[in-house]
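Step one of this worksheet: look at the structure below.
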Amino acid sequence: MSISPARRVGKRPSAVARPRGASDREVRVAQSSQEGGRSAALTPAPAGLATQAHPGVGTPKCKHEPTSGIDLPKSSSVATEPAIGSVALVSSDTADRGGGQAKPPAQLGLATSGPVPQNLRELLDRLENEPGKDRKVVETRRAINQIGLLLRKPLQNIPTEPVLLRPLIKAATPASLEITSARWSRLKSLLAFGLRRYGIDLQPARDVAGHSPVWKALASLAPDRASFIALSRFMSFCSREGISPDAVTEQVFSDFAEALQTRSLHQTPSAISRGAINSWNRAVATVSEWPQKVIPLERHSRFYSFAWDAFPESFGKDVEAYLAQCAVTDIWSEHSKKASRPKTIELRRRQLRQLASLLVLSGLAIEEVTSLAVLTKLDNARAALQQQEVRKDGVVPRSLAEHAWLLKTIARSWTKDPVSAEALGNLAARLNTASREMTERNTSRLRQFGVSTNVDALLNLPARAFAEAEGAAIVTPKIARRVAFALAVDLLTVMPLRINNLTGLEFDRHIIVLGRGKRQEMLVVIPAAEFKTGKTFEMRVPHSVVERINRFMERYHPVLAPQGAAQLFVSPKGGRRSTTAFSRAVSNFVKQETGLIMNAHLFRSLAGKLHLEEHPEDTETVRRLLGHERSETTHRYYVEARTTRHMQRYTDMIEQRRVSAAAAQPLKVRRKGAGK
């Protein structure tokens with residue numbers, strides 16, 4: 001955690017957090033100094049005055065003057081030199097209504113004294129030292145203790161800085177402690193209450209602060225509910241900052257994005273700000289009464305490739321000619337290879353567009369990218385690959401070696417440039433520095449299955465989800481989707497398919513039913529052309545899974561799919577599910593139900609781990625199960641599972657010997673001073 005000068009000397013300007021239901025516009029925190037140690041005056045602070053309640057976070061404040069149309073507290077006094085420990089409050093609730101004095105801090109539920117807590121231990125101590133037994137304060141104490149257990153950290157090691165606290169909350173797995181999603185939401189709400197209560201400037205959740213009258217009127221004109229939801233936080237932000245719709249500019253959205261990034265616990269602040277801009281621009285285009293100000297939205301950093309039509313036409317023709325050659329097996333060619341699969345050709349097309357775009361980003365004019373020969377020129381190839389390294393902040397991604405290898409292949413077999421081909425081959429070898437073992441991320445995620453209760457939770461998940469769904473009198477789409485994800489987990493557990501093969505399963509084509517009644521058998525058969533290894537995949541489905549598939553097709557599939565849909569996992573429009581979206585949905589389902597963090601592809605690694613734990617020497621079964629062509633691949637990626645099992649045998653032996661030694665020679669404890 002960064003330490004500001006105020007923290008180093010133990011001094012911090014105190015601030016007051018906004019109470020529940022009150023907005024920044026309604027409660028303005030200002031600091032005023034008075035001679036002789038007089039108490040702070042309750043005076044309204046001007047809209048442009050803002051106190052940084054949590055130094056070190058880099059809290060942004062909108063620098064826009066309020067315009068007409070926003071109800072703001074009227075004030076002619078301005079706090080000049082702030083004094084530590086003094087607080088000025090104003091409630092626009094009374095100012096807007098034109099009477100009364102501002103509410104004192106006690107009535108607003110604010111704690112106005114003491115330094116801002118740096119961690120949850122300090123926050124809990126402050127809450128426990130409060131006089132009285134306020135119900136919400138008591139709930140917050142319990143919530144903080146439960147959050148500490150959930151994050152698996154001592155409370156003194158959990159910072160209160162929103163920027164540092166956000167990733168810890170994101171990595172939390174509430175289901176691991178059998179905490180429901182509703183309870184988890186309540187815990188986070190109580191934590192936010194405690195943080196605001198002691199001066200930590202935290203952005204509220206969507207529409208908590210409320211919208212001003214002009215923003216409410218504009219919200220009613222939103223083109224659809226999705227746009228209203230996406231803009232709700234932004235409207236609340238503008239209402240608190242005193243910004244009218246007509247005063248919205250690109251800078252306002254920039255301040256909003258920065259506030260989310262530095263003062264919010266939301267897990268995807270960038271997605272919220274970008275979604276707000278998209279919805280704003282959509283409203284500009286469809287609603288005539290909407291302020292006609294289009295906000296430019298920069299392309300996301302992960303999207304850097306130019307469209308094909310942005311390049312010269314000759315470059316696109318050269319690429320397609322090369323890919324057409326890759327799709328044909330020519331045994332008479334000097335560098336003959338068997339025809340590439342359609343998915344491989346599509347991957348090569350995408351890689352070539354990426355390389356050409358990187359070359360342009362490195363400084364070459366896009367008009368000069370006229371053919372593949374331009375890409376394979378050694379200087380250009382190095383410039384494109386180095387540009388990707390720059391994009392990754394100096395980290396050499398694993399994909400660079402594959403890109404260099406592709407350029408070497410093109411230089412050798414297509415552009416006929418042996419000098420560049422040799423140099424690019426050497427470059428590919430140098431770039432191929434990645435470990436030929438399982439990635440660290442997958443290895444770390446597999447460690448959670450070293451605990452038998454986690455394995456049991458995953459294996460029992462499909463049966464539990466089906467049993468809970470059977471208790472519902474009416475099958476809603478939400479229930480049907482949950483059952484579909486449970487069935488996907490069931491299939492991935494018993495037959496570790498790749499996600500594209502799972503989403504492509506169709507009845508009568510991939511799912512073959514043999515026999516009837518109790519003797520019914522079900523096979524999953526995937527043709528060689530659709531399988532990565534180029535070999536036909538065939539596996540019998542266990543009877544328990546067959547029963548769940550039949551029940552899913554009978555009761556839940558009709559709710560999700562149009563009549564006559566052949567896919568097992570079908571999109572709402574009746575087509576095949578997107579592999580990326582479906583994989584993400586399955587991962588979220590597993591995390592929400594069990595607290596385990598895993599992706600769809602990790603089921604394959606888990607299958608190898610579980611089998612080798614029971615049969616450490618039987619790598620051949622794992623090789624055939626996962627479809628590895630060579631035994632070396634299986635040994636290389638799953639050697640850790642075997643090593644862990646062997647080490648477990650050793651520790652078990654030591655424990656047994658200790659038990660035997662204790663039985664043979666009982667332990668004698670010497671009393672203190674017995675030797676004297």
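Following the order of the structure tokens, first chain is A, next is B, and so on, with residues numbered from 1 inside each chain and ligands from 1 in the order they appear.
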Review point. Could you pull out all residues of segment 112-261 of chain A with a DSSP call of alpha helix (DSSP H) and give them as a PyMOL selection string?
Key: chain A and resi 120-128+135-151+162-170+181-197+213-219+225-241+250-261
Saved selection, atoms kept: C-alpha atoms, as a PDB file, in the first residue's frame:
```
ATOM      1  CA  LEU A 120     -10.217  -3.835   8.145  1.00  0.00           C
ATOM      2  CA  ARG A 121      -8.741  -4.435  11.601  1.00  0.00           C
ATOM      3  CA  GLU A 122      -8.686  -0.709  12.266  1.00  0.00           C
ATOM      4  CA  LEU A 123     -12.155  -0.356  10.771  1.00  0.00           C
ATOM      5  CA  LEU A 124     -13.515  -3.100  13.019  1.00  0.00           C
ATOM      6  CA  ASP A 125     -11.881  -1.514  16.077  1.00  0.00           C
ATOM      7  CA  ARG A 126     -13.534   1.807  15.268  1.00  0.00           C
ATOM      8  CA  LEU A 127     -16.912   0.111  14.916  1.00  0.00           C
ATOM      9  CA  GLU A 128     -16.513  -1.786  18.188  1.00  0.00           C
ATOM     10  CA  ARG A 135     -28.274  -2.415  14.511  1.00  0.00           C
ATOM     11  CA  LYS A 136     -26.497  -1.704  11.261  1.00  0.00           C
ATOM     12  CA  VAL A 137     -23.192  -1.082  13.019  1.00  0.00           C
ATOM     13  CA  VAL A 138     -23.510  -4.466  14.754  1.00  0.00           C
ATOM     14  CA  GLU A 139     -24.284  -6.113  11.402  1.00  0.00           C
ATOM     15  CA  THR A 140     -21.246  -4.444   9.855  1.00  0.00           C
ATOM     16  CA  ARG A 141     -18.973  -5.814  12.596  1.00  0.00           C
ATOM     17  CA  ARG A 142     -20.154  -9.347  11.870  1.00  0.00           C
ATOM     18  CA  ALA A 143     -19.851  -8.773   8.132  1.00  0.00           C
ATOM     19  CA  ILE A 144     -16.222  -7.651   8.417  1.00  0.00           C
ATOM     20  CA  ASN A 145     -15.312 -10.755  10.424  1.00  0.00           C
ATOM     21  CA  GLN A 146     -17.027 -12.962   7.853  1.00  0.00           C
ATOM     22  CA  ILE A 147     -15.281 -11.185   4.981  1.00  0.00           C
ATOM     23  CA  GLY A 148     -11.945 -11.802   6.691  1.00  0.00           C
ATOM     24  CA  LEU A 149     -12.708 -15.532   6.785  1.00  0.00           C
ATOM     25  CA  LEU A 150     -13.826 -15.459   3.184  1.00  0.00           C
ATOM     26  CA  LEU A 151     -10.699 -13.684   1.937  1.00  0.00           C
ATOM     27  CA  PRO A 162     -10.673   0.632  -2.898  1.00  0.00           C
ATOM     28  CA  VAL A 163      -7.970   0.050  -5.538  1.00  0.00           C
ATOM     29  CA  LEU A 164      -6.282  -2.592  -3.362  1.00  0.00           C
ATOM     30  CA  LEU A 165      -9.442  -4.079  -1.897  1.00  0.00           C
ATOM     31  CA  ARG A 166     -11.186  -4.628  -5.236  1.00  0.00           C
ATOM     32  CA  PRO A 167      -8.955  -7.496  -6.518  1.00  0.00           C
ATOM     33  CA  LEU A 168      -9.253  -9.287  -3.172  1.00  0.00           C
ATOM     34  CA  ILE A 169     -13.034  -9.181  -3.372  1.00  0.00           C
ATOM     35  CA  LYS A 170     -12.933 -10.298  -7.000  1.00  0.00           C
ATOM     36  CA  SER A 181     -25.039 -14.838  -3.571  1.00  0.00           C
ATOM     37  CA  ALA A 182     -27.674 -12.791  -1.717  1.00  0.00           C
ATOM     38  CA  ARG A 183     -25.695 -12.961   1.519  1.00  0.00           C
ATOM     39  CA  TRP A 184     -22.472 -12.069  -0.314  1.00  0.00           C
ATOM     40  CA  SER A 185     -24.157  -8.986  -1.766  1.00  0.00           C
ATOM     41  CA  ARG A 186     -25.303  -8.021   1.723  1.00  0.00           C
ATOM     42  CA  LEU A 187     -21.772  -8.458   3.123  1.00  0.00           C
ATOM     43  CA  LYS A 188     -20.331  -6.178   0.453  1.00  0.00           C
ATOM     44  CA  SER A 189     -23.066  -3.623   1.094  1.00  0.00           C
ATOM     45  CA  LEU A 190     -22.296  -3.589   4.820  1.00  0.00           C
ATOM     46  CA  LEU A 191     -18.573  -3.300   4.105  1.00  0.00           C
ATOM     47  CA  ALA A 192     -19.226  -0.282   1.880  1.00  0.00           C
ATOM     48  CA  PHE A 193     -21.321   1.246   4.684  1.00  0.00           C
ATOM     49  CA  GLY A 194     -18.443   0.835   7.128  1.00  0.00           C
ATOM     50  CA  LEU A 195     -15.887   2.278   4.710  1.00  0.00           C
ATOM     51  CA  ARG A 196     -17.982   5.369   3.992  1.00  0.00           C
ATOM     52  CA  ARG A 197     -18.771   5.828   7.669  1.00  0.00           C
ATOM     53  CA  PRO A 213     -35.000  15.870 -11.506  1.00  0.00           C
ATOM     54  CA  VAL A 214     -33.437  16.744 -14.878  1.00  0.00           C
ATOM     55  CA  TRP A 215     -31.618  13.413 -15.035  1.00  0.00           C
ATOM     56  CA  LYS A 216     -34.786  11.550 -14.042  1.00  0.00           C
ATOM     57  CA  ALA A 217     -36.586  13.242 -16.914  1.00  0.00           C
ATOM     58  CA  LEU A 218     -33.816  12.283 -19.321  1.00  0.00           C
ATOM     59  CA  ALA A 219     -33.683   8.708 -18.013  1.00  0.00           C
ATOM     60  CA  ARG A 225     -34.079  -0.717 -20.293  1.00  0.00           C
ATOM     61  CA  ALA A 226     -30.543  -1.940 -21.033  1.00  0.00           C
ATOM     62  CA  SER A 227     -29.495   1.606 -21.902  1.00  0.00           C
ATOM     63  CA  PHE A 228     -31.109   2.961 -18.738  1.00  0.00           C
ATOM     64  CA  ILE A 229     -29.238   0.428 -16.578  1.00  0.00           C
ATOM     65  CA  ALA A 230     -25.928   1.135 -18.319  1.00  0.00           C
ATOM     66  CA  LEU A 231     -26.349   4.901 -17.830  1.00  0.00           C
ATOM     67  CA  SER A 232     -27.751   4.802 -14.304  1.00  0.00           C
ATOM     68  CA  ARG A 233     -24.409   5.032 -12.497  1.00  0.00           C
ATOM     69  CA  PHE A 234     -23.286   7.830 -14.792  1.00  0.00           C
ATOM     70  CA  MET A 235     -26.505   9.750 -14.149  1.00  0.00           C
ATOM     71  CA  SER A 236     -26.012   9.361 -10.402  1.00  0.00           C
ATOM     72  CA  PHE A 237     -22.435  10.563 -10.741  1.00  0.00           C
ATOM     73  CA  CYS A 238     -23.518  13.670 -12.645  1.00  0.00           C
ATOM     74  CA  SER A 239     -26.301  14.334 -10.141  1.00  0.00           C
ATOM     75  CA  ARG A 240     -23.836  14.276  -7.254  1.00  0.00           C
ATOM     76  CA  GLU A 241     -21.338  16.476  -9.086  1.00  0.00           C
ATOM     77  CA  GLU A 250     -15.889  13.778 -23.046  1.00  0.00           C
ATOM     78  CA  GLN A 251     -14.094  15.032 -19.921  1.00  0.00           C
ATOM     79  CA  VAL A 252     -17.126  14.240 -17.761  1.00  0.00           C
ATOM     80  CA  PHE A 253     -17.058  10.629 -18.923  1.00  0.00           C
ATOM     81  CA  SER A 254     -13.316  10.566 -18.328  1.00  0.00           C
ATOM     82  CA  ASP A 255     -13.815  11.763 -14.740  1.00  0.00           C
ATOM     83  CA  PHE A 256     -16.546   9.160 -14.304  1.00  0.00           C
ATOM     84  CA  ALA A 257     -14.227   6.389 -15.523  1.00  0.00           C
ATOM     85  CA  GLU A 258     -11.444   7.538 -13.212  1.00  0.00           C
ATOM     86  CA  ALA A 259     -13.810   7.670 -10.244  1.00  0.00           C
ATOM     87  CA  LEU A 260     -14.901   4.095 -10.918  1.00  0.00           C
ATOM     88  CA  GLN A 261     -11.299   2.979 -11.260  1.00  0.00           C
TER      89      GLN A 261
END
```
Practice item. For Phe582 of chain A, work out the shell of residues within 10 Å, counting only C-alpha atoms and skipping chain neighbours fewer than 4 positions away, then give it as a list in words. Key: Phe485, Ala488, Ile499, Asn500, Leu502, Thr503, Phe569, Ser571, Arg577, Ser578, Val586, Ser587, Asn588 and Ala600 of chain A
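Counting from atom CA of Val116 of chain A, the distance to atom CA of Leu202 of chain A is 12.9 Å.
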Check your understanding: If we count only C-alpha atoms, what is near segment 289-302 of chain A at a cut-off of 12 Å, once residues fewer than 6 positions away on the same chain are taken out, given as a PyMOL selection string?
Key -> chain A and resi 214-215+217-223+244-254+270-271+273-283+354+388+391-392
Practice item. May I ask which of the residues A:Thr634, A:Gln387, A:Thr619, A:Asn442 is the closest one to Asn599 of chain A, counting only C-alpha atoms? Key: A:Asn442
**Study point:** Near-Ala429 of chain A list (9 Å; only C-alpha atoms; drop same-chain fewer than 5 positions) as an NGL selection string
**Key:** :A and (401 or 404-405 or 424)
For the residues selected in the previous step, produce a file with N, CA and C atoms as a PDB file, in the first residue's frame.
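As a result, again28.pdb now contains:
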```pdb
ATOM      1  N   ALA A 401       6.427 -16.804 -30.645  1.00  0.00           N
ATOM      2  CA  ALA A 401       7.172 -17.908 -31.261  1.00  0.00           C
ATOM      3  C   ALA A 401       6.369 -18.533 -32.388  1.00  0.00           C
ATOM      4  N   ALA A 404       6.413 -16.158 -35.383  1.00  0.00           N
ATOM      5  CA  ALA A 404       7.697 -16.227 -36.086  1.00  0.00           C
ATOM      6  C   ALA A 404       7.808 -17.513 -36.892  1.00  0.00           C
ATOM      7  N   TRP A 405       7.319 -18.597 -36.330  1.00  0.00           N
ATOM      8  CA  TRP A 405       7.333 -19.870 -37.063  1.00  0.00           C
ATOM      9  C   TRP A 405       6.471 -19.788 -38.323  1.00  0.00           C
ATOM     10  N   LEU A 424      14.345 -16.268 -39.612  1.00  0.00           N
ATOM     11  CA  LEU A 424      13.095 -16.309 -38.857  1.00  0.00           C
ATOM     12  C   LEU A 424      12.978 -17.605 -38.053  1.00  0.00           C
TER      13      LEU A 424
END
```
Point to revise | Residue nearest Lys609 of chain A - candidates A:Leu514, A:Ile345, A:Ala356, A:Val455, atoms counted: only C-alpha atoms | key: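 Ranking A:Leu514, A:Ile345, A:Ala356, A:Val455 by distance to Lys609 of chain A, first place goes to A:Val455.
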**Study point:** Nearby residues (only C-alpha atoms) at most 9 Å from His601 of chain A, same-chain spacing under 4 positions excluded, as a list of chain:residue names
**Key:** A:Leu492, A:Pro496, A:Leu497, A:Arg498, A:Ile499, A:Ser583, A:Ser605
Written selection (all heavy atoms) as a short mmCIF file (atom, residue, chain, number, x, y, z; two decimals), in the first residue's frame:
```cif
data_model
loop_
_atom_site.label_atom_id
_atom_site.label_comp_id
_atom_site.auth_asym_id
_atom_site.auth_seq_id
_atom_site.Cartn_x
_atom_site.Cartn_y
_atom_site.Cartn_z
N LEU A 492 -18.33 -32.76 -19.04
CA LEU A 492 -16.91 -32.44 -19.00
C LEU A 492 -16.17 -33.27 -17.95
O LEU A 492 -14.97 -33.53 -18.10
CB LEU A 492 -16.71 -30.95 -18.70
CG LEU A 492 -17.07 -29.98 -19.82
CD1 LEU A 492 -17.03 -28.55 -19.31
CD2 LEU A 492 -16.13 -30.14 -21.01
N PRO A 496 -13.65 -35.61 -20.80
CA PRO A 496 -13.05 -34.26 -20.91
C PRO A 496 -12.89 -33.80 -22.35
O PRO A 496 -11.82 -33.87 -22.93
CB PRO A 496 -11.70 -34.42 -20.20
CG PRO A 496 -11.38 -35.87 -20.31
CD PRO A 496 -12.68 -36.59 -20.27
N LEU A 497 -13.98 -33.31 -22.92
CA LEU A 497 -13.96 -32.79 -24.29
C LEU A 497 -13.43 -31.36 -24.30
O LEU A 497 -13.45 -30.66 -23.28
CB LEU A 497 -15.36 -32.81 -24.88
CG LEU A 497 -16.04 -34.17 -25.05
CD1 LEU A 497 -17.50 -33.98 -25.43
CD2 LEU A 497 -15.32 -35.01 -26.10
N ARG A 498 -12.98 -30.93 -25.45
CA ARG A 498 -12.69 -29.51 -25.64
C ARG A 498 -14.01 -28.76 -25.79
O ARG A 498 -15.00 -29.32 -26.26
CB ARG A 498 -11.78 -29.31 -26.86
CG ARG A 498 -10.38 -29.86 -26.64
CD ARG A 498 -9.52 -29.74 -27.88
NE ARG A 498 -8.15 -30.18 -27.63
CZ ARG A 498 -7.75 -31.45 -27.69
NH1 ARG A 498 -8.63 -32.40 -28.02
NH2 ARG A 498 -6.50 -31.77 -27.44
N ILE A 499 -14.00 -27.49 -25.43
CA ILE A 499 -15.25 -26.74 -25.36
C ILE A 499 -15.94 -26.63 -26.71
O ILE A 499 -17.16 -26.65 -26.80
CB ILE A 499 -14.99 -25.34 -24.74
CG1 ILE A 499 -16.31 -24.61 -24.48
CG2 ILE A 499 -14.07 -24.53 -25.63
CD1 ILE A 499 -17.19 -25.28 -23.46
N SER A 583 -18.24 -21.14 -22.31
CA SER A 583 -17.16 -21.49 -21.39
C SER A 583 -17.15 -20.55 -20.19
O SER A 583 -16.99 -20.99 -19.04
CB SER A 583 -15.81 -21.44 -22.11
OG SER A 583 -14.75 -21.70 -21.23
N SER A 605 -7.35 -31.22 -17.62
CA SER A 605 -6.22 -31.37 -16.69
C SER A 605 -6.66 -32.08 -15.41
O SER A 605 -5.90 -32.88 -14.85
CB SER A 605 -5.63 -30.00 -16.37
OG SER A 605 -5.21 -29.33 -17.54
#
```
Check your understanding: So how far away is atom CA of Arg604 of chain A from atom CA of Leu626 of chain A, in Å?
Key ->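 Taking atom CA of Leu626 of chain A and atom CA of Arg604 of chain A, their separation equals 6.8 Å.
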Exercise for review: To one decimal in Å, tell me the separation between atom CA of Gly450 of chain A and atom CA of Gly627 of chain A.
Suggested key: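 Between atom CA of Gly450 of chain A and atom CA of Gly627 of chain A the gap is 24.3 Å.
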